[in-house]
Structures are given as C-alpha cells and as structure tokens.
>>> print(open('model.cif').read())   # mmCIF, C-alpha atoms and all ligand atoms
data_protein
loop_
_atom_site.label_atom_id
_atom_site.label_comp_id
_atom_site.auth_asym_id
_atom_site.auth_seq_id
_atom_site.Cartn_x
_atom_site.Cartn_y
_atom_site.Cartn_z
CA MET A 1 143.64 -147.10 -63.56
CA LYS A 2 140.91 -149.64 -64.25
CA ILE A 3 140.32 -150.32 -67.93
CA VAL A 4 137.00 -151.85 -68.88
CA PHE A 5 136.65 -154.13 -71.88
CA ASN A 6 133.80 -152.13 -73.43
CA LYS A 7 131.94 -148.86 -72.90
CA PRO A 8 128.72 -148.29 -74.85
CA PRO A 9 129.35 -145.42 -77.29
CA LEU A 10 127.95 -142.01 -76.33
CA THR A 11 128.62 -138.97 -78.51
CA GLY A 12 126.64 -136.26 -76.70
CA ASN A 13 123.57 -135.66 -78.85
CA GLU A 14 121.66 -138.79 -77.84
CA GLN A 15 120.11 -137.21 -74.73
CA GLN A 16 118.68 -134.24 -76.60
CA TYR A 17 117.10 -136.46 -79.27
CA VAL A 18 115.68 -138.96 -76.78
CA LEU A 19 114.07 -136.09 -74.86
CA GLN A 20 112.68 -134.70 -78.10
CA ALA A 21 111.19 -138.11 -78.92
CA MET A 22 109.75 -138.47 -75.39
CA HIS A 23 107.88 -135.21 -75.71
CA SER A 24 106.60 -135.85 -79.21
CA SER A 25 103.12 -137.22 -79.83
CA LYS A 26 104.45 -140.51 -81.30
CA ILE A 27 106.86 -142.69 -79.38
CA SER A 28 106.07 -146.05 -81.00
CA GLY A 29 108.02 -147.21 -84.05
CA ASP A 30 108.46 -145.55 -87.44
CA GLY A 31 108.15 -141.98 -86.16
CA PHE A 32 110.31 -138.96 -86.93
CA PHE A 33 113.64 -140.46 -85.81
CA GLY A 34 112.91 -143.97 -87.07
CA LYS A 35 112.28 -142.61 -90.56
CA LYS A 36 115.36 -140.38 -90.36
CA CYS A 37 117.59 -143.32 -89.42
CA GLN A 38 116.19 -145.57 -92.15
CA ALA A 39 116.64 -142.84 -94.77
CA TRP A 40 120.23 -142.39 -93.58
CA PHE A 41 120.94 -146.10 -93.98
CA GLU A 42 119.24 -146.34 -97.38
CA LYS A 43 121.38 -143.47 -98.63
CA ASN A 44 124.68 -144.59 -97.08
CA LEU A 45 124.22 -148.27 -97.91
CA ALA A 46 122.73 -147.46 -101.34
CA CYS A 47 120.14 -150.21 -100.89
CA PRO A 48 116.43 -150.29 -101.72
CA LYS A 49 115.20 -150.58 -98.13
CA THR A 50 116.22 -150.85 -94.49
CA LEU A 51 114.01 -151.54 -91.49
CA LEU A 52 114.99 -150.82 -87.90
CA THR A 53 114.33 -153.76 -85.60
CA PRO A 54 114.50 -154.36 -81.82
CA SER A 55 117.74 -156.35 -82.30
CA CYS A 56 119.93 -158.05 -84.87
CA THR A 57 118.36 -161.29 -83.61
CA ALA A 58 114.95 -159.96 -84.68
CA ALA A 59 116.33 -158.89 -88.09
CA LEU A 60 117.71 -162.41 -88.63
CA GLU A 61 114.35 -163.91 -87.62
CA MET A 62 112.65 -161.70 -90.18
CA ALA A 63 115.17 -162.82 -92.80
CA ALA A 64 114.39 -166.48 -92.04
CA ILE A 65 110.66 -165.80 -92.52
CA LEU A 66 111.28 -163.81 -95.71
CA ILE A 67 113.27 -166.56 -97.41
CA ASP A 68 110.50 -168.93 -96.36
CA ILE A 69 112.51 -171.40 -94.32
CA GLN A 70 110.49 -174.61 -93.85
CA PRO A 71 111.03 -177.50 -91.43
CA GLY A 72 113.85 -179.67 -92.75
CA ASP A 73 115.52 -176.94 -94.79
CA GLU A 74 119.27 -176.69 -94.26
CA VAL A 75 121.17 -173.48 -93.61
CA ILE A 76 124.95 -173.26 -93.89
CA MET A 77 126.94 -171.03 -91.52
CA PRO A 78 130.11 -171.04 -89.40
CA SER A 79 130.00 -172.64 -85.95
CA TYR A 80 132.15 -169.81 -84.65
CA THR A 81 129.33 -167.26 -84.18
CA PHE A 82 126.70 -165.95 -81.81
CA VAL A 83 123.68 -168.16 -81.04
CA SER A 84 121.24 -165.87 -82.86
CA THR A 85 122.78 -166.62 -86.24
CA ALA A 86 121.59 -170.20 -85.80
CA ASN A 87 118.49 -169.70 -83.64
CA ALA A 88 116.75 -167.40 -86.11
CA PHE A 89 116.63 -170.29 -88.59
CA VAL A 90 116.11 -173.09 -86.04
CA LEU A 91 112.95 -171.25 -84.94
CA ARG A 92 111.54 -171.84 -88.45
CA GLY A 93 112.46 -175.53 -88.31
CA ALA A 94 115.76 -175.42 -90.18
CA ARG A 95 118.65 -177.79 -89.58
CA ILE A 96 121.95 -175.94 -89.23
CA VAL A 97 124.99 -177.18 -91.14
CA PHE A 98 128.25 -175.75 -89.86
CA VAL A 99 131.31 -175.28 -92.02
CA ASP A 100 134.85 -174.72 -90.78
CA ILE A 101 136.37 -171.23 -90.56
CA ARG A 102 139.51 -169.80 -92.12
CA PRO A 103 142.18 -169.39 -89.45
CA ASP A 104 143.29 -165.99 -90.78
CA THR A 105 140.02 -164.04 -90.58
CA MET A 106 137.94 -166.40 -88.39
CA ASN A 107 135.27 -166.17 -91.11
CA ILE A 108 133.52 -169.09 -92.84
CA ASP A 109 135.89 -170.87 -95.23
CA GLU A 110 134.30 -170.21 -98.61
CA ALA A 111 136.20 -173.15 -100.12
CA LYS A 112 134.38 -175.59 -97.80
CA ILE A 113 130.83 -174.39 -98.42
CA GLU A 114 130.05 -176.26 -101.62
CA ALA A 115 130.74 -179.69 -100.08
CA ALA A 116 128.06 -178.96 -97.46
CA ILE A 117 125.30 -178.22 -99.98
CA THR A 118 122.53 -180.81 -100.37
CA ALA A 119 119.13 -180.84 -102.09
CA ARG A 120 117.67 -179.43 -98.84
CA THR A 121 120.02 -176.45 -98.56
CA LYS A 122 118.15 -173.14 -98.66
CA ALA A 123 120.61 -170.49 -97.55
CA ILE A 124 124.16 -169.52 -96.64
CA VAL A 125 124.69 -167.19 -93.70
CA PRO A 126 128.18 -165.64 -93.71
CA VAL A 127 129.15 -163.87 -90.48
CA HIS A 128 131.56 -160.95 -90.86
CA TYR A 129 133.63 -161.57 -87.75
CA ALA A 130 135.20 -158.48 -86.17
CA GLY A 131 133.72 -156.40 -89.00
CA VAL A 132 136.06 -157.99 -91.54
CA GLY A 133 134.27 -159.12 -94.70
CA CYS A 134 133.85 -162.77 -95.68
CA GLU A 135 134.84 -163.70 -99.24
CA MET A 136 131.54 -162.51 -100.65
CA ASP A 137 132.39 -162.84 -104.35
CA ALA A 138 133.02 -166.57 -103.95
CA ILE A 139 130.02 -166.99 -101.64
CA MET A 140 127.61 -165.22 -104.02
CA GLN A 141 128.90 -167.30 -106.94
CA ILE A 142 128.26 -170.52 -105.02
CA ALA A 143 124.81 -169.30 -103.97
CA ASN A 144 123.85 -168.32 -107.51
CA ARG A 145 125.11 -171.61 -108.91
CA HIS A 146 122.88 -173.56 -106.50
CA GLY A 147 119.94 -171.16 -106.27
CA LEU A 148 120.48 -170.35 -102.59
CA PHE A 149 119.75 -167.24 -100.57
CA VAL A 150 122.54 -165.37 -98.78
CA VAL A 151 121.74 -163.64 -95.49
CA GLU A 152 124.71 -161.64 -94.19
CA ASP A 153 125.07 -161.56 -90.42
CA ALA A 154 126.73 -158.14 -90.40
CA ALA A 155 125.97 -157.59 -86.70
CA GLN A 156 129.55 -156.38 -86.22
CA GLY A 157 129.96 -154.91 -89.68
CA MET A 158 128.44 -151.42 -89.87
CA MET A 159 130.83 -149.04 -91.75
CA SER A 160 132.92 -151.94 -93.11
CA THR A 161 133.22 -152.72 -96.81
CA TYR A 162 134.14 -155.61 -99.10
CA GLU A 163 135.55 -154.46 -102.45
CA GLY A 164 134.07 -151.06 -101.66
CA LYS A 165 130.57 -152.44 -100.98
CA PRO A 166 129.14 -151.98 -97.47
CA LEU A 167 128.83 -155.25 -95.54
CA GLY A 168 125.19 -156.24 -95.31
CA THR A 169 124.40 -155.03 -98.84
CA ILE A 170 125.92 -157.88 -100.87
CA GLY A 171 123.66 -160.83 -100.01
CA HIS A 172 119.89 -160.91 -100.56
CA LEU A 173 119.40 -159.70 -96.99
CA GLY A 174 121.70 -158.36 -94.27
CA ALA A 175 121.46 -157.60 -90.55
CA PHE A 176 123.20 -155.09 -88.24
CA SER A 177 123.21 -155.02 -84.44
CA PHE A 178 123.00 -151.91 -82.29
CA HIS A 179 123.55 -153.76 -79.02
CA GLU A 180 125.65 -151.83 -76.52
CA THR A 181 128.67 -154.00 -77.31
CA LYS A 182 128.67 -153.03 -80.99
CA ASN A 183 130.23 -149.91 -82.61
CA TYR A 184 126.89 -148.05 -82.72
CA THR A 185 123.98 -148.50 -80.33
CA SER A 186 120.34 -147.49 -80.21
CA GLY A 187 120.39 -147.30 -76.41
CA GLY A 188 121.48 -150.81 -75.49
CA GLU A 189 119.44 -152.96 -77.88
CA GLY A 190 118.56 -152.59 -81.54
CA GLY A 191 119.14 -153.81 -85.04
CA LEU A 192 118.56 -153.27 -88.74
CA LEU A 193 117.30 -155.48 -91.55
CA ILE A 194 118.87 -154.58 -94.89
CA ILE A 195 116.82 -155.57 -97.92
CA ASN A 196 118.82 -155.80 -101.13
CA ASP A 197 116.47 -157.98 -103.17
CA GLU A 198 113.37 -156.11 -104.31
CA ARG A 199 111.24 -159.27 -104.05
CA PHE A 200 111.25 -158.81 -100.25
CA LEU A 201 110.21 -155.15 -100.11
CA GLN A 202 106.50 -155.51 -99.45
CA ARG A 203 106.51 -158.67 -97.36
CA SER A 204 109.23 -157.33 -95.05
CA GLU A 205 106.94 -154.49 -93.93
CA ILE A 206 104.07 -156.91 -93.35
CA ILE A 207 106.10 -159.35 -91.27
CA ARG A 208 107.43 -156.48 -89.17
CA GLU A 209 103.90 -155.12 -88.55
CA LYS A 210 102.51 -158.29 -86.93
CA GLY A 211 101.48 -159.78 -90.28
CA THR A 212 99.29 -156.82 -91.23
CA ASN A 213 99.44 -154.44 -94.19
CA ARG A 214 99.48 -151.46 -91.82
CA SER A 215 102.47 -149.81 -93.54
CA LEU A 216 100.58 -149.77 -96.83
CA PHE A 217 97.56 -148.32 -95.02
CA PHE A 218 99.64 -145.49 -93.53
CA ARG A 219 100.90 -144.64 -97.00
CA GLY A 220 97.34 -144.63 -98.34
CA GLU A 221 97.96 -147.64 -100.59
CA VAL A 222 95.05 -149.64 -99.08
CA ASP A 223 91.94 -148.17 -97.43
CA LYS A 224 91.93 -150.40 -94.33
CA TYR A 225 94.54 -152.63 -92.79
CA THR A 226 94.11 -156.28 -91.96
CA TRP A 227 95.85 -159.56 -91.16
CA VAL A 228 97.47 -160.84 -94.36
CA ASP A 229 100.48 -163.04 -93.39
CA ILE A 230 102.48 -164.40 -90.47
CA GLY A 231 104.46 -161.79 -88.58
CA SER A 232 105.48 -160.42 -85.24
CA SER A 233 106.29 -157.14 -83.51
CA TYR A 234 109.63 -156.17 -85.02
CA LEU A 235 109.59 -152.38 -84.55
CA PRO A 236 111.85 -150.57 -82.09
CA SER A 237 110.45 -147.61 -80.18
CA GLU A 238 111.13 -144.01 -81.20
CA LEU A 239 113.31 -143.60 -78.11
CA GLN A 240 115.74 -146.19 -79.49
CA SER A 241 115.75 -144.57 -82.94
CA ALA A 242 116.33 -141.12 -81.41
CA PHE A 243 119.32 -142.47 -79.49
CA LEU A 244 120.68 -144.07 -82.65
CA TRP A 245 120.25 -140.86 -84.64
CA GLY A 246 122.68 -139.14 -82.28
CA GLN A 247 125.24 -141.76 -83.26
CA LEU A 248 124.55 -141.80 -87.00
CA GLU A 249 125.27 -138.06 -87.10
CA LYS A 250 128.67 -138.87 -85.59
CA SER A 251 129.26 -142.14 -87.42
CA ASP A 252 132.57 -141.05 -88.95
CA ASP A 253 133.89 -139.72 -85.62
CA ILE A 254 133.10 -143.03 -83.95
CA ASN A 255 134.68 -145.00 -86.78
CA GLN A 256 137.88 -142.90 -86.93
CA ASN A 257 138.28 -142.99 -83.18
CA ARG A 258 137.99 -146.79 -83.01
CA LEU A 259 140.33 -147.23 -85.97
CA ALA A 260 142.95 -145.07 -84.20
CA THR A 261 142.88 -147.36 -81.16
CA TRP A 262 143.03 -150.44 -83.38
CA ASP A 263 146.04 -148.98 -85.23
CA ALA A 264 147.80 -148.14 -81.96
CA TYR A 265 147.51 -151.78 -80.89
CA HIS A 266 148.58 -153.04 -84.29
CA GLN A 267 151.64 -150.78 -84.45
CA ALA A 268 152.70 -151.93 -81.00
CA PHE A 269 152.36 -155.65 -81.72
CA LYS A 270 153.05 -156.21 -85.39
CA ASN A 271 156.85 -156.18 -85.16
CA LEU A 272 157.13 -158.59 -82.26
CA PRO A 273 158.90 -161.89 -82.99
CA LEU A 274 156.84 -164.21 -85.15
CA GLY A 275 155.35 -167.16 -83.36
CA LEU A 276 154.58 -165.40 -80.09
CA PHE A 277 150.98 -164.92 -81.16
CA ASP A 278 148.87 -164.18 -84.24
CA LEU A 279 147.31 -160.80 -85.00
CA PRO A 280 144.07 -159.94 -86.78
CA PHE A 281 144.28 -160.21 -90.56
CA VAL A 282 142.39 -157.82 -92.83
CA PRO A 283 142.45 -158.79 -96.54
CA GLU A 284 143.51 -156.05 -98.98
CA HIS A 285 140.04 -155.72 -100.48
CA CYS A 286 138.30 -155.34 -97.09
CA GLN A 287 137.98 -152.12 -95.13
CA HIS A 288 137.20 -152.92 -91.50
CA ASN A 289 135.56 -150.85 -88.76
CA ALA A 290 137.79 -151.67 -85.78
CA HIS A 291 134.98 -153.57 -84.11
CA MET A 292 137.48 -155.76 -82.34
CA TYR A 293 141.18 -156.14 -81.62
CA TYR A 294 142.21 -159.65 -80.76
CA LEU A 295 145.34 -161.69 -80.26
CA LYS A 296 145.61 -165.42 -80.81
CA LEU A 297 147.88 -167.09 -78.30
CA LYS A 298 149.52 -170.50 -78.32
CA ASP A 299 146.63 -172.40 -76.76
CA LEU A 300 143.84 -172.36 -74.21
CA GLU A 301 146.26 -172.65 -71.28
CA GLN A 302 148.34 -169.67 -72.34
CA ARG A 303 145.20 -167.67 -73.00
CA THR A 304 143.95 -168.33 -69.47
CA GLN A 305 147.29 -167.11 -68.07
CA PHE A 306 147.12 -164.04 -70.30
CA ILE A 307 143.64 -163.09 -69.10
CA GLU A 308 144.81 -163.52 -65.48
CA HIS A 309 147.85 -161.36 -66.17
CA LEU A 310 145.77 -158.50 -67.54
CA LYS A 311 143.24 -158.89 -64.75
CA ALA A 312 146.04 -158.25 -62.24
CA TYR A 313 146.42 -154.84 -63.91
CA ASP A 314 142.66 -154.26 -63.78
CA ILE A 315 142.35 -154.61 -67.54
CA GLY A 316 139.24 -156.31 -68.84
CA CYS A 317 139.90 -158.69 -71.70
CA VAL A 318 137.69 -161.56 -72.74
CA PHE A 319 137.54 -164.62 -74.93
CA HIS A 320 134.73 -165.07 -77.41
CA TYR A 321 132.43 -167.72 -78.86
CA ILE A 322 132.41 -171.32 -77.76
CA PRO A 323 131.73 -173.02 -81.13
CA LEU A 324 128.02 -173.68 -81.48
CA HIS A 325 128.42 -177.28 -82.66
CA SER A 326 129.75 -178.24 -79.23
CA ALA A 327 126.93 -176.47 -77.32
CA PRO A 328 123.96 -178.54 -76.06
CA ALA A 329 121.51 -176.96 -78.53
CA GLY A 330 124.07 -177.30 -81.29
CA LEU A 331 124.14 -181.06 -80.75
CA ASN A 332 120.35 -181.05 -81.16
CA PHE A 333 119.76 -178.71 -84.05
CA ALA A 334 122.95 -178.81 -86.05
CA GLU A 335 125.75 -180.81 -87.54
CA PHE A 336 129.31 -179.99 -88.53
CA ASN A 337 130.05 -180.73 -92.17
CA GLY A 338 133.55 -181.94 -92.82
CA VAL A 339 136.40 -181.72 -90.35
CA ASP A 340 136.67 -179.19 -87.54
CA GLN A 341 140.23 -178.34 -88.46
CA HIS A 342 140.29 -174.72 -87.24
CA THR A 343 137.05 -173.73 -85.51
CA THR A 344 137.70 -175.17 -82.05
CA ILE A 345 141.46 -174.69 -81.95
CA GLU A 346 141.36 -171.07 -83.16
CA SER A 347 138.45 -170.18 -80.86
CA GLU A 348 140.47 -171.41 -77.86
CA ARG A 349 143.42 -169.18 -78.76
CA LEU A 350 141.54 -165.93 -79.27
CA VAL A 351 141.40 -163.12 -76.70
CA ARG A 352 139.92 -159.65 -77.23
CA LEU A 353 141.56 -156.48 -75.93
CA PRO A 354 139.60 -153.45 -74.66
CA ILE A 355 138.41 -151.20 -77.46
CA TYR A 356 135.64 -148.59 -77.35
CA PHE A 357 134.75 -145.15 -78.63
CA GLY A 358 136.65 -142.52 -76.64
CA MET A 359 139.37 -144.84 -75.33
CA GLY A 360 142.25 -142.61 -74.26
CA VAL A 361 145.89 -142.88 -75.27
CA ASP A 362 146.76 -143.50 -71.59
CA GLU A 363 144.48 -146.51 -71.52
CA GLN A 364 145.88 -147.84 -74.79
CA THR A 365 149.44 -147.44 -73.50
CA GLN A 366 148.58 -149.28 -70.31
CA VAL A 367 147.07 -152.22 -72.20
CA ILE A 368 150.03 -152.38 -74.59
CA LYS A 369 152.50 -152.31 -71.68
CA ALA A 370 150.72 -155.14 -69.89
CA VAL A 371 150.60 -157.25 -73.08
CA LEU A 372 154.29 -156.70 -73.85
CA GLU A 373 155.18 -157.55 -70.26
CA PHE A 374 153.35 -160.88 -70.56
CA PHE A 375 155.49 -161.89 -73.53
CA ALA A 376 158.76 -160.46 -72.16
C1 LIG A 401 125.83 -159.25 -81.53
C2 LIG A 401 125.62 -160.28 -82.55
C3 LIG A 401 124.33 -160.79 -82.85
C4 LIG A 401 123.11 -160.43 -82.05
O1 LIG A 401 122.82 -159.09 -82.00
P1 LIG A 401 121.63 -158.57 -81.08
O2 LIG A 401 121.40 -157.17 -81.58
O3 LIG A 401 122.10 -158.60 -79.66
O4 LIG A 401 120.45 -159.44 -81.31
C5 LIG A 401 124.20 -161.72 -83.86
N1 LIG A 401 125.26 -162.14 -84.56
C6 LIG A 401 126.50 -161.69 -84.31
C7 LIG A 401 127.65 -162.19 -85.12
C8 LIG A 401 126.72 -160.76 -83.28
O5 LIG A 401 127.97 -160.34 -83.03
#
>>> encode(input="model.cif", output="structure tokens")
Amino acid sequence: MKIVFNKPPLTGNEQQYVLQAMHSSKISGDGFFGKKCQAWFEKNLACPKTLLTPSCTAALEMAAILIDIQPGDEVIMPSYTFVSTANAFVLRGARIVFVDIRPDTMNIDEAKIEAAITARTKAIVPVHYAGVGCEMDAIMQIANRHGLFVVEDAAQGMMSTYEGKPLGTIGHLGAFSFHETKNYTSGGEGGLLIINDERFLQRSEIIREKGTNRSLFFRGEVDKYTWVDIGSSYLPSELQSAFLWGQLEKSDDINQNRLATWDAYHQAFKNLPLGLFDLPFVPEHCQHNAHMYYLKLKDLEQRTQFIEHLKAYDIGCVFHYIPLHSAPAGLNFAEFNGVDQHTTIESERLVRLPIYFGMGVDEQTQVIKAVLEFFA
C-alpha cells in the first residue's frame, strides 16, 4: 500500500458550499461565506478582527505594511522557516536578522533575541514550528521593553494554544495559512490576517482593498470610495471561503483525527532506547494541533538512508527547511546574529512522517513498522 506524505483535508461539505457560492450573485471576496468564516475566527480566536487573504504570504505582506516597515529597518526571526516569513518584510526594504533556534522545539530561541536588537530593529517574527507555540511571554516582554512589534507567523498554528491563548492572537498581528499542506485549507491556497491591536483595524481594510476605503463605503461610513493609501488585492474569492467554511464546521473533527495519528506515532516511538533519535517536544503550557510528526536522526547521512528506507516501502517522508541564511537570497538580504549553534545541525537531522486528516490505522501501522525496522 502506497502511503503519501500529505493529502489535502476534505470533510465532505466543501463541494456543496462551493457550488452554492458559484451560483450566488457575488463570487468576489467578502461575500456570504467570507463573512461567515471571518465571524467564526473572530469568535473562536476572541480577537477584534480577522481578514481572509489569498495566502499566509499575503497576510504577512499586509502585516509588514501595517507596521510601516521602511528601508533599512531590521526584523528578527528564525532562519529555520519558510521563505515568506522573510520575503514579506524584504519586499518593504527590511534587513532580516536571524537568531538561532532552540533544539527542543525548533522555534526561535527567545534567550538569544535581545542580543540581536539594534536601534534599527522594528519587529520580531516568531514562527510556531509544527504548531507548537514559541515562548510568547518572554518574546512579548522583550518586544514591550524595546518598543517592537510582534508578528506571529502562525501558518502552521491554527487550533494550537500557548498558555490557553490561540496562536496568532498574542502578538500585535498574526497570520494563518490555508495552503493544501496545512491542517485546514481553503481549496489549495489561502490565509488569514489576525489583528489583535486595535490601531490596525481601519488601515488593514484599506490595504486589503487596493488602498481604497471601499470597506467603509460598503458599510455606509463614507459616501464614496477613493484611493487613500498604498495597498494591493488581498481578498480571496468566495469560492475559497466557501471551501474553507466546510472545514471550519468540522474543525474539531480534523483536529482530533490528526492528534490521534500523532499520538499513535508518539506511543510507538517514545519508549525506544534513548539516543536512537529525538522526538518532537511539546512544552507543558502549549497545546499543539498535530500539524507535523517528525523524528530527528543522528545526522544528514542517516536521514538520507532513512528516507530511502521508507521510500522502498512506498512511504512518502520528507525533510524540511534549508535554513534561509544559507540560501542565495538569504546571503543578500539577511544576516545571522550570533552563532549558528543549532539551526543548521538540527535542520539536517529532521524528517517528517506522513500525517493527514483521515489517515487510517493501517497506514499508521505500516509507517511505524517501517520506522522500527530501520532502527532494528
Ligand atoms: C506554509 C507557510 C507559510 C506560507 O503560507 P502560504 O499560505 O503558502 O503563503 C509561511 N510561513 C510558514 C511557517 C509556513 O509553514
């Protein structure tokens, strides 16, 4: 039996809602389903405002505009992340300053952030890797002490919490992804900007509507709409929102199902002899969403053998980010502050096992068997 690494989630209701949207009189953004989704997020995240976007990348770009990044500003983030975390700020002229990660969670090491702060620093961008929260209390304290903005890249973090607070709602702004590889999708591509600081409420709508005050016009707050600021087209279509609504209705089912697979892996591996490999670590005060199950092997060479071994059983498993500071654009637009003690070494050890909504027990058993055989 072939086991793929990922299957985009599908719960059953998406088709009906997409058809409904197709046959409605409004299929551009902010229609019936778009409003329904945003209301759902505002209630479940208990935040002042959320805006659906075409991608998490777009939401991060909006965040960079909202905090008014100017050429020469510095933005602190981990190097172990997706390109969009950096690009969104580079597009506004920022210089990226990378900080090392913690080897246990693969998240930015909060203890190394302060040394990277200069007079030009404008923001910190924690990335909640695998849907496991960064140390947000410490990060917010540092940010407040230095007057910095915090933009949470919570692309992988929907349904996860830190000290009971949903990821994405702790910083000034947060971003989710609904790409097909994430826990919830709006039909392949999509994202959400989470606005926690009331100062951004009005401008966020303007930036998203091509720099016009069209949202105010639709609500009857101005009598004509016009060009008032910079902006772009950051609205997803109704078809994407309709697809997403099908998943929001089933958000707990999706979450529970993924967590069950994650737990099955963890049960199977956690009692193996120490030193064979490292397992994911979830701090006590973090609830995760089973976005990812990974193992960390001895080194790059063993990881390559491991991926080959699983491939022979038709099991798709993959490695993840090549640290951005060693990428060609990273050399141009960024610098690594301090010593790369963990980022490169840990990234070379990490391999992700198949996990997706609806993964059967048979598939889990087959993956577990192949992994145990590798270490036998
Ligand atoms: C997936 C991901 C993104 C980008 O999301 P898109 O919706 O594809 O733009 C950004 N950051 C992280 C950490 C991600 O995992």
>>> residues_around(input="model.cif", residues="segment 157-162 of chain A", least_positions_apart="5", cutoff="10 Å", atoms="only C-alpha atoms", output="MDAnalysis selection string")
chainID A and resid 44:45 127:137 152 167:170 175:178 182:184 251:252 255 283:291
>>> residues_near_ligand(input="model.cif", ligand="ligand LIG 401 (chain A)", cutoff="8 Å", atoms="all atoms listed in the file", output="count of residues only")
27
>>> residues_around(input="model.cif", residues="Leu279 of chain A", least_positions_apart="3", cutoff="10 Å", atoms="all atoms listed in the file", output="mmCIF file with C-alpha atoms, keeping the file's coordinate frame")
data_model
loop_
_atom_site.group_PDB
_atom_site.id
_atom_site.type_symbol
_atom_site.label_atom_id
_atom_site.label_comp_id
_atom_site.auth_asym_id
_atom_site.auth_seq_id
_atom_site.Cartn_x
_atom_site.Cartn_y
_atom_site.Cartn_z
ATOM 1 C CA ASP A 104 143.290 -165.990 -90.780
ATOM 2 C CA THR A 105 140.020 -164.040 -90.580
ATOM 3 C CA TYR A 265 147.510 -151.780 -80.890
ATOM 4 C CA HIS A 266 148.580 -153.040 -84.290
ATOM 5 C CA PHE A 269 152.360 -155.650 -81.720
ATOM 6 C CA LYS A 270 153.050 -156.210 -85.390
ATOM 7 C CA LEU A 276 154.580 -165.400 -80.090
ATOM 8 C CA VAL A 282 142.390 -157.820 -92.830
ATOM 9 C CA TYR A 293 141.180 -156.140 -81.620
ATOM 10 C CA TYR A 294 142.210 -159.650 -80.760
ATOM 11 C CA LEU A 295 145.340 -161.690 -80.260
ATOM 12 C CA LYS A 296 145.610 -165.420 -80.810
ATOM 13 C CA LEU A 297 147.880 -167.090 -78.300
ATOM 14 C CA LEU A 350 141.540 -165.930 -79.270
#
>>> closest_residue(input="model.cif", among="A:Phe32, A:Phe277, A:Tyr17, A:Phe218", to="Leu244 of chain A", atoms="only C-alpha atoms")
A:Tyr17
>>> closest_residue(input="model.cif", among="A:His320, A:Arg208, A:Arg352, A:His146", to="Ala115 of chain A", atoms="all atoms listed in the file")
A:His146
>>> residues_around(input="model.cif", residues="Ile108 of chain A", least_positions_apart="2", cutoff="8 Å", atoms="all atoms listed in the file", output="PDB file with C-alpha atoms, in the coordinates of the input")
ATOM      1  CA  MET A  77     126.940-171.030 -91.520  1.00  0.00           C
ATOM      2  CA  PRO A  78     130.110-171.040 -89.400  1.00  0.00           C
ATOM      3  CA  VAL A  99     131.310-175.280 -92.020  1.00  0.00           C
ATOM      4  CA  ASP A 100     134.850-174.720 -90.780  1.00  0.00           C
ATOM      5  CA  ILE A 101     136.370-171.230 -90.560  1.00  0.00           C
ATOM      6  CA  ARG A 102     139.510-169.800 -92.120  1.00  0.00           C
ATOM      7  CA  MET A 106     137.940-166.400 -88.390  1.00  0.00           C
ATOM      8  CA  GLU A 110     134.300-170.210 -98.610  1.00  0.00           C
ATOM      9  CA  PRO A 126     128.180-165.640 -93.710  1.00  0.00           C
ATOM     10  CA  VAL A 127     129.150-163.870 -90.480  1.00  0.00           C
ATOM     11  CA  CYS A 134     133.850-162.770 -95.680  1.00  0.00           C
TER      12      CYS A 134
END
>>> atom_distance(input="model.cif", atom1="atom CA of Lys165 of chain A", atom2="atom CA of Leu193 of chain A")
16.6 Å
>>> closest_residue(input="model.cif", among="A:Lys49, A:Ser186, A:Phe333, A:Arg214", to="Trp227 of chain A", atoms="only C-alpha atoms")
A:Arg214
>>> atom_distance(input="model.cif", atom1="atom CA of Gly12 of chain A", atom2="atom CA of Gly360 of chain A")
17.0 Å
>>> residues_around(input="model.cif", residues="Gly34 of chain A", least_positions_apart="6", cutoff="12 Å", atoms="only C-alpha atoms", output="ChimeraX atom specification")
/A:17-18,21,26-28,40-41,50-54,186,190-192,235-246,248
>>> residues_around(input="model.cif", residues="Thr304 of chain A", least_positions_apart="5", cutoff="12 Å", atoms="only C-alpha atoms", output="ChimeraX atom specification")
/A:296-299,309-311,317-319,348-351
>>> residues_near_point(input="model.cif", point="(118.9, -161.7, -90.7)", cutoff="6 Å", atoms="all atoms listed in the file", output="number ranges by chain")
A: 59-61, 63, 151, 174-175
>>> atom_distance(input="model.cif", atom1="atom CA of Arg95 of chain A", atom2="atom CA of Pro166 of chain A")
29.0 Å
>>> closest_residue(input="model.cif", among="A:Lys250, A:Asp223, A:Gln256, A:Tyr80", to="Asp340 of chain A", atoms="only C-alpha atoms")
A:Tyr80
>>> closest_residue(input="model.cif", among="A:Met62, A:Val75, A:Ile139, A:Leu324", to="Phe200 of chain A", atoms="only C-alpha atoms")
A:Met62
>>> closest_residue(input="model.cif", among="A:Glu42, A:Ile368, A:Val339, A:Phe375", to="Lys112 of chain A", atoms="all atoms listed in the file")
A:Val339
